[in-house]
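Student: Contents are compact mmCIF, C-alpha atoms and all ligand atoms; file name input.txt:
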# COMPACT_ATOMS: atom_id res chain seq x y z
CA LEU A 9 0.00 0.00 0.00
CA ALA A 10 1.30 3.44 -0.86
CA ARG A 11 1.13 5.84 2.04
CA GLY A 12 1.41 9.56 2.48
CA ALA A 13 0.59 12.10 5.10
CA ALA A 14 -2.93 12.04 3.64
CA GLU A 15 -3.76 8.70 5.24
CA ALA A 16 -4.37 9.63 8.86
CA ASP A 17 -6.33 6.52 9.84
CA LEU A 18 -4.95 6.71 13.40
CA ALA A 19 -5.90 10.35 13.95
CA GLY A 20 -7.46 10.92 17.36
CA ARG A 21 -5.93 7.67 18.66
CA HIS A 22 -3.33 7.20 21.37
CA VAL A 23 -0.98 4.27 20.88
CA VAL A 24 1.69 2.96 23.23
CA VAL A 25 4.70 1.12 21.81
CA SER A 26 7.49 -0.52 23.80
CA ALA A 27 10.85 -0.95 22.10
CA GLY A 28 14.41 -2.10 22.71
CA GLY A 29 15.59 -4.63 25.25
CA THR A 30 15.68 -4.51 29.02
CA ARG A 31 18.93 -4.67 30.99
CA GLU A 32 18.94 -6.33 34.38
CA PRO A 33 21.78 -5.06 36.57
CA LEU A 34 24.10 -7.37 38.49
CA ASP A 35 26.25 -4.64 40.00
CA PRO A 36 26.98 -0.98 39.16
CA VAL A 37 28.94 -1.89 36.02
CA ARG A 38 27.29 -5.10 34.68
CA TYR A 39 23.94 -6.28 33.44
CA LEU A 40 22.15 -9.19 31.74
CA GLY A 41 20.83 -7.98 28.42
CA ASN A 42 19.68 -9.07 24.99
CA ARG A 43 20.41 -8.17 21.40
CA SER A 44 17.28 -6.18 20.56
CA SER A 45 18.23 -3.00 18.68
CA GLY A 46 14.89 -1.25 19.13
CA LYS A 47 14.60 -0.61 15.39
CA GLN A 48 11.28 -2.42 14.94
CA GLY A 49 9.65 -0.61 17.87
CA TYR A 50 10.95 2.77 16.70
CA ALA A 51 9.59 2.02 13.20
CA LEU A 52 6.19 1.27 14.79
CA ALA A 53 6.30 4.60 16.66
CA ARG A 54 7.28 6.59 13.55
CA THR A 55 4.67 4.98 11.29
CA ALA A 56 1.90 5.44 13.87
CA ALA A 57 2.80 9.13 14.20
CA ALA A 58 2.81 9.46 10.39
CA ARG A 59 -0.72 7.99 10.37
CA GLY A 60 -1.91 10.63 12.81
CA ALA A 61 -1.69 8.87 16.18
CA ARG A 62 -0.48 10.39 19.41
CA VAL A 63 2.37 8.04 20.29
CA THR A 64 3.99 7.13 23.59
CA LEU A 65 7.21 5.20 22.97
CA ILE A 66 8.59 3.34 25.96
CA ALA A 67 12.20 2.79 25.03
CA ALA A 68 14.46 0.32 26.79
CA ASN A 69 18.15 0.95 26.09
CA ALA A 70 17.85 1.56 22.35
CA ALA A 71 20.78 3.56 20.96
CA LEU A 72 18.48 5.48 18.61
CA PRO A 73 17.43 9.14 18.46
CA ASP A 74 13.98 10.04 19.85
CA PRO A 75 11.55 10.14 16.88
CA ALA A 76 10.12 13.60 16.19
CA GLY A 77 6.61 14.21 17.47
CA VAL A 78 6.61 11.18 19.77
CA ASP A 79 6.54 11.16 23.59
CA VAL A 80 9.49 9.00 24.63
CA VAL A 81 9.84 7.44 28.08
CA HIS A 82 13.28 5.91 28.65
CA VAL A 83 13.53 2.87 30.92
CA GLY A 84 16.20 0.33 31.83
CA THR A 85 14.83 -2.79 33.49
CA ALA A 86 11.75 -4.99 32.98
CA VAL A 87 10.29 -3.70 36.26
CA GLN A 88 10.69 -0.10 35.05
CA LEU A 89 9.23 -1.01 31.66
CA ARG A 90 6.20 -2.55 33.39
CA GLU A 91 5.66 0.61 35.45
CA ALA A 92 5.83 2.83 32.36
CA VAL A 93 3.48 0.59 30.36
CA LEU A 94 0.93 0.35 33.18
CA LYS A 95 1.02 4.13 33.56
CA ALA A 96 0.42 4.80 29.85
CA ALA A 97 -1.95 1.90 29.03
CA PRO A 98 -5.20 3.16 30.65
CA ASP A 99 -5.33 6.01 28.13
CA ALA A 100 -4.29 3.92 25.09
CA ASP A 101 -6.39 2.68 22.17
CA ALA A 102 -3.65 0.19 21.35
CA VAL A 103 -0.54 -1.17 23.05
CA VAL A 104 2.19 -2.84 21.02
CA MET A 105 4.84 -4.72 23.00
CA ALA A 106 7.80 -4.81 20.62
CA ALA A 107 10.36 -4.68 23.44
CA ALA A 108 12.43 -7.73 24.31
CA VAL A 109 11.72 -8.10 28.02
CA ALA A 110 14.19 -10.16 30.04
CA ASP A 111 12.38 -13.20 31.43
CA PHE A 112 14.67 -13.26 34.47
CA ARG A 113 16.68 -10.81 36.53
CA PRO A 114 19.49 -11.42 39.02
CA ALA A 115 18.00 -12.30 42.41
CA THR A 116 20.30 -9.82 44.10
CA TYR A 117 22.00 -6.59 43.12
CA ALA A 118 25.52 -6.05 44.43
CA ALA A 119 25.87 -2.42 45.50
CA GLY A 120 29.62 -2.65 44.93
CA LYS A 121 31.42 -4.08 41.89
CA ILE A 122 31.74 -7.87 42.07
CA LYS A 123 35.47 -8.70 42.35
CA LYS A 124 37.22 -11.94 41.50
CA LYS A 125 39.20 -13.65 44.23
CA ASP A 126 42.52 -15.40 43.64
CA GLY A 127 42.19 -19.15 43.22
CA GLN A 128 38.39 -19.11 43.61
CA GLU A 129 35.78 -20.13 41.04
CA PRO A 130 32.97 -17.58 40.46
CA GLU A 131 29.68 -17.82 42.33
CA PRO A 132 26.70 -18.89 40.17
CA ILE A 133 24.22 -16.12 39.38
CA ALA A 134 20.79 -16.78 40.91
CA LEU A 135 17.85 -15.50 38.84
CA VAL A 136 14.20 -14.72 39.56
CA ARG A 137 11.29 -14.32 37.12
CA ASN A 138 10.31 -10.92 35.80
CA PRO A 139 6.61 -9.99 35.52
CA ASP A 140 4.93 -10.82 32.18
CA ILE A 141 3.79 -7.36 31.11
CA LEU A 142 1.98 -8.43 27.93
CA ALA A 143 -0.06 -11.12 29.71
CA GLU A 144 -0.88 -8.66 32.48
CA ILE A 145 -2.20 -5.85 30.25
CA ALA A 146 -4.04 -8.29 27.95
CA GLY A 147 -5.63 -10.19 30.85
CA ASP A 148 -6.71 -7.09 32.75
CA ARG A 149 -7.64 -4.62 30.01
CA ALA A 150 -7.71 -0.96 30.91
CA ARG A 151 -10.43 -0.59 28.24
CA ALA A 152 -12.60 -3.34 26.77
CA ASP A 153 -12.00 -2.21 23.18
CA GLN A 154 -8.25 -1.79 23.53
CA VAL A 155 -6.11 -3.63 20.96
CA ILE A 156 -3.08 -5.44 22.36
CA VAL A 157 -0.23 -6.67 20.18
CA GLY A 158 2.73 -8.87 21.12
CA PHE A 159 5.90 -9.82 19.31
CA ALA A 160 7.60 -13.20 19.42
CA ALA A 161 10.86 -14.45 18.00
CA GLU A 162 10.93 -18.20 17.50
CA THR A 163 13.57 -20.56 16.13
CA ASP A 164 11.51 -23.75 15.58
CA ASP A 165 7.85 -24.67 14.91
CA VAL A 166 7.30 -20.96 14.39
CA LEU A 167 3.56 -21.04 13.66
CA ALA A 168 2.59 -23.62 16.28
CA ASN A 169 4.65 -21.90 18.96
CA GLY A 170 3.25 -18.53 17.91
CA ARG A 171 -0.36 -19.72 18.06
CA ALA A 172 0.18 -21.24 21.54
CA LYS A 173 1.89 -18.03 22.72
CA LEU A 174 -0.93 -15.84 21.40
CA GLU A 175 -3.42 -17.87 23.42
CA ARG A 176 -1.25 -17.93 26.53
CA LYS A 177 -0.74 -14.17 26.45
CA GLY A 178 -4.36 -13.36 25.59
CA CYS A 179 -3.40 -10.65 23.10
CA ASP A 180 -5.29 -9.74 19.90
CA LEU A 181 -2.36 -9.97 17.50
CA LEU A 182 1.04 -11.63 17.71
CA VAL A 183 3.82 -10.78 15.27
CA VAL A 184 5.98 -13.87 14.92
CA ASN A 185 9.53 -13.59 13.57
CA GLU A 186 11.72 -16.49 12.68
CA VAL A 187 15.16 -15.86 14.12
CA GLY A 188 18.30 -17.40 12.73
CA GLU A 189 21.95 -16.66 12.19
CA ARG A 190 21.62 -13.28 10.51
CA LYS A 191 17.87 -12.74 10.87
CA THR A 192 16.16 -10.04 12.91
CA PHE A 193 18.58 -8.84 15.58
CA GLY A 194 20.03 -5.49 14.55
CA ALA A 195 19.00 -6.03 10.92
CA GLU A 196 17.29 -3.35 8.85
CA GLU A 197 14.82 -5.85 7.43
CA ASN A 198 12.36 -8.30 8.83
CA GLU A 199 10.08 -11.14 7.77
CA ALA A 200 7.13 -12.24 9.86
CA VAL A 201 3.66 -13.71 10.18
CA VAL A 202 1.01 -11.79 12.11
CA LEU A 203 -1.38 -14.14 13.92
CA GLY A 204 -4.80 -12.92 15.03
CA ALA A 205 -6.86 -14.16 17.98
CA ASP A 206 -9.66 -14.46 15.39
CA GLY A 207 -7.62 -17.17 13.61
CA SER A 208 -6.25 -14.87 10.91
CA GLU A 209 -2.72 -15.33 9.57
CA THR A 210 -1.05 -12.48 7.66
CA PRO A 211 2.34 -13.23 6.12
CA VAL A 212 4.65 -10.23 5.80
CA PRO A 213 7.36 -10.72 3.14
CA HIS A 214 11.00 -9.92 3.82
CA GLY A 215 11.31 -6.14 3.76
CA PRO A 216 12.02 -2.99 5.73
CA LYS A 217 10.90 -2.81 9.38
CA GLU A 218 8.78 0.18 8.33
CA ALA A 219 6.72 -2.08 6.05
CA LEU A 220 6.09 -4.60 8.84
CA ALA A 221 5.15 -1.69 11.11
CA ASP A 222 2.62 -0.41 8.58
CA THR A 223 1.13 -3.91 8.24
CA VAL A 224 0.72 -4.05 12.05
CA TRP A 225 -1.18 -0.72 12.02
CA ASP A 226 -3.24 -1.95 9.01
CA LEU A 227 -4.36 -4.87 11.21
CA VAL A 228 -4.81 -2.78 14.38
CA ALA A 229 -6.86 0.03 12.78
CA PRO A 230 -10.01 -1.99 11.91
CA ARG A 231 -9.95 -3.64 15.36
CA LEU A 232 -10.04 -0.33 17.25
CA GLY A 233 -13.22 0.64 19.03
CA ARG A 234 -15.24 3.68 18.12
CA ALA A 235 -13.01 6.74 18.46
CA ALA A 236 -13.66 8.71 21.65
CA LYS A 237 -13.98 12.26 20.43
N1 LIG B 301 6.83 -10.00 27.23
C1 LIG B 301 6.43 -9.24 28.32
N2 LIG B 301 6.94 -9.48 29.56
C2 LIG B 301 7.84 -10.48 29.74
C3 LIG B 301 8.25 -11.28 28.64
C4 LIG B 301 7.72 -11.00 27.41
O1 LIG B 301 5.61 -8.34 28.15
N3 LIG B 301 8.32 -10.71 30.97
C5 LIG B 301 6.24 -9.72 25.91
C6 LIG B 301 7.23 -9.28 24.86
O2 LIG B 301 7.34 -7.87 24.81
C7 LIG B 301 6.60 -9.83 23.57
C8 LIG B 301 5.83 -11.06 24.05
O3 LIG B 301 5.67 -10.92 25.46
O4 LIG B 301 5.65 -8.93 23.04
C9 LIG B 301 6.44 -12.37 23.74
O5 LIG B 301 7.72 -12.43 24.29
P1 LIG B 301 8.46 -13.84 24.32
O6 LIG B 301 9.78 -13.67 24.95
O7 LIG B 301 8.40 -14.42 22.94
O8 LIG B 301 7.45 -14.66 25.25
P2 LIG B 301 7.69 -15.51 26.55
O9 LIG B 301 6.36 -15.72 27.17
O10 LIG B 301 8.74 -14.89 27.41
O11 LIG B 301 8.16 -16.90 25.99
P3 LIG B 301 9.63 -17.57 25.82
O12 LIG B 301 9.74 -18.55 26.94
O13 LIG B 301 9.55 -18.20 24.45
O14 LIG B 301 10.66 -16.47 25.89
CA CA B 302 10.88 -14.37 26.75
Turn this file's structure into structure tokens for me.
Tutor:
Amino acid sequence: LARGAAEADLAGRHVVVSAGGTREPLDPVRYLGNRSSGKQGYALARTAAARGARVTLIAANAALPDPAGVDVVHVGTAVQLREAVLKAAPDADAVVMAAAVADFRPATYAAGKIKKKDGQEPEPIALVRNPDILAEIAGDRARADQVIVGFAAETDDVLANGRAKLERKGCDLLVVNEVGERKTFGAEENEAVVLGADGSETPVPHGPKEALADTVWDLVAPRLGRAAK
């Protein structure tokens, strides 16, 4: 679909997008992180703004400039990301969780730098579960007609795993990427299937992250409730 500033199908809407990857600190100088660049989430924020939406972008550690005309909330950890999402969600027509949220965080934070000791093997790192933000906002909707979108990266049985994850999370749409050696992380391009809770399956051919973002908004727009004006 060709798009210009003329197509403002998200005008009057507020959308919340999370992007990037959380970092879970071990001590003042170290963290557990992941390889999410934030590019897909930032593309979602830019395309939504271009389609007329008011956009809140909750950005976790993405080394990218704040998009023009978008409210950006910077966060570090999964717990901070959850707080920011829960704060923005009640006012949102749609929430898209493109961020890679760490499933676990270190059980303890060392206030001082962890030092090695001569002749001693390192201590194992104990982890605890992080909250599942997507399942929480989908299961306890701030608004009945809110559209909730998740992202999933899978390496095997992509469609079956995606369908099971969509049901487990209770979201309306799940964008499933196949990850491999050079696919997805940090790349400029993406290839995906968007699964709908209504059973729909929308393949998105290999292409720019902007194109996948526009396809997501194409699927979100008709699912939005009547605009509150
Ligand atoms: N997600 C979340 N909170 C978490 C983990 C994931 O909100 N603690 C969101 C992600 O932002 C993404 C979706 O859930 O939109 C799917 O993430 P994924 O890691 O694929 O799902 P998990 O349930 O963590 O499953 P897995 O064990 O495969 O990692
Ligand atoms: Ca996970």
Student: Could you tell me, as a VMD selection string, which residues have any atom at most 7 Å from (7.6, -9.4, 12.9), counting only C-alpha atoms?
Tutor: chain A and resid 159 183 to 185 198 to 201 220
Student: Kindly assemble as JSON lines a list of the chain A residues that lie within 7 Å of ligand CA 302 (chain B), each paired with its nearest atom pair and their distance in Å to one decimal, using all atoms listed in the file, sorted first by chain and then by ascending residue number.
Tutor:
{"residue": "A:Val109", "atom": "CA", "partner": "B:CA302", "partner_atom": "CA", "distance": 6.5}
{"residue": "A:Ala110", "atom": "CA", "partner": "B:CA302", "partner_atom": "CA", "distance": 6.3}
{"residue": "A:Asp111", "atom": "CA", "partner": "B:CA302", "partner_atom": "CA", "distance": 5.1}
Student: Within 12 Å of (17.0, -13.9, 40.3) in the file's own coordinates, which protein, DNA or RNA residues have an atom, counting all atoms listed in the file? List them as a PDB file with C-alpha atoms, keeping the file's coordinate frame.
Tutor:
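Writing done, so here's out-v9.pdb:
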ATOM      1  CA  GLU A  32      18.940  -6.330  34.380  1.00  0.00           C
ATOM      2  CA  PRO A  33      21.780  -5.060  36.570  1.00  0.00           C
ATOM      3  CA  LEU A  34      24.100  -7.370  38.490  1.00  0.00           C
ATOM      4  CA  LEU A  40      22.150  -9.190  31.740  1.00  0.00           C
ATOM      5  CA  ALA A 110      14.190 -10.160  30.040  1.00  0.00           C
ATOM      6  CA  ASP A 111      12.380 -13.200  31.430  1.00  0.00           C
ATOM      7  CA  PHE A 112      14.670 -13.260  34.470  1.00  0.00           C
ATOM      8  CA  ARG A 113      16.680 -10.810  36.530  1.00  0.00           C
ATOM      9  CA  PRO A 114      19.490 -11.420  39.020  1.00  0.00           C
ATOM     10  CA  ALA A 115      18.000 -12.300  42.410  1.00  0.00           C
ATOM     11  CA  THR A 116      20.300  -9.820  44.100  1.00  0.00           C
ATOM     12  CA  TYR A 117      22.000  -6.590  43.120  1.00  0.00           C
ATOM     13  CA  PRO A 132      26.700 -18.890  40.170  1.00  0.00           C
ATOM     14  CA  ILE A 133      24.220 -16.120  39.380  1.00  0.00           C
ATOM     15  CA  ALA A 134      20.790 -16.780  40.910  1.00  0.00           C
ATOM     16  CA  LEU A 135      17.850 -15.500  38.840  1.00  0.00           C
ATOM     17  CA  VAL A 136      14.200 -14.720  39.560  1.00  0.00           C
ATOM     18  CA  ARG A 137      11.290 -14.320  37.120  1.00  0.00           C
ATOM     19  CA  ASN A 138      10.310 -10.920  35.800  1.00  0.00           C
TER      20      ASN A 138
END
Student: Pick out the closest residue to A:Gly20 from this set: A:Val166, A:Ala53, A:Val103, A:Leu232. Count only C-alpha atoms.
Tutor: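 Of all the options, A:Leu232 lies closest to A:Gly20.
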Student: What lies within 8 Å of A:Ala27 using all atoms listed in the file, ignoring chain neighbours under 3 positions off, as a PyMOL selection string?
Tutor: chain A and resi 46-50+65-68+70+105-108
Student: Could you please determine the separation between atom CA of A:Leu52 and atom CA of A:Arg231 in Å, to one decimal place?
Tutor: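 We find that atom CA of A:Leu52 and atom CA of A:Arg231 lie 16.9 Å from each other.
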Student: I'd like to know which of A:Pro211, A:Pro139, A:Gly147, A:Gly127 is closest to ligand LIG 301 (chain B), using all atoms listed in the file.
Tutor: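 Looking at the shortest contact to ligand LIG 301 (chain B), the residue is A:Pro139.
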Student: Considering only C-alpha atoms, can you say which of A:Ala57, A:Val87, A:Val202, A:Leu72 comes closest to A:Ser45?
Tutor: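 Checking each candidate against A:Ser45, we get A:Leu72 as the closest.
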Student: Atom CA of A:Thr30 and atom CA of A:Ala51 are how many Å apart?
Tutor: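 Atom CA of A:Thr30 sits 18.2 Å away from atom CA of A:Ala51.
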Student: Can you tell me, as AutoDock Vina command-line options, the centre and edge lengths (Å, one decimal) of the axis-aligned box enclosing all of stretch 100-116 of chain A's listed atoms after padding each side by 3 Å?
Tutor:
--center_x 7.0 --center_y -4.7 --center_z 32.4 --size_x 32.7 --size_y 23.2 --size_z 29.5
Student: If you measure from atom CA of A:Gly84 to atom CA of A:Ala195, what distance in Å do you get, rounded to one decimal?
Tutor: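 A separation of 22.0 Å between them.
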Student: Counting only C-alpha atoms and all ligand atoms, which of A:His214, A:Lys121, A:Arg90, A:Arg171 gets nearest to ligand LIG 301 (chain B)?
Tutor: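 Among the listed residues, A:Arg90 lies closest to ligand LIG 301 (chain B).
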Student: Taking into account all atoms listed in the file, which residue in the set A:Ala146, A:Ile122, A:Ala96, A:Ala205 is nearest to ligand LIG 301 (chain B)?
Tutor: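 Of A:Ala146, A:Ile122, A:Ala96, A:Ala205, the one nearest ligand LIG 301 (chain B), counting all atoms listed in the file, is A:Ala146.
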Student: From the set A:Val78, A:Val104, A:Val37, A:Ala58, which residue has the shortest atom-to-atom contact distance to A:Lys123, counting all atoms listed in the file?
Tutor: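 Among A:Val78, A:Val104, A:Val37, A:Ala58, it is A:Val37 that comes nearest to A:Lys123.
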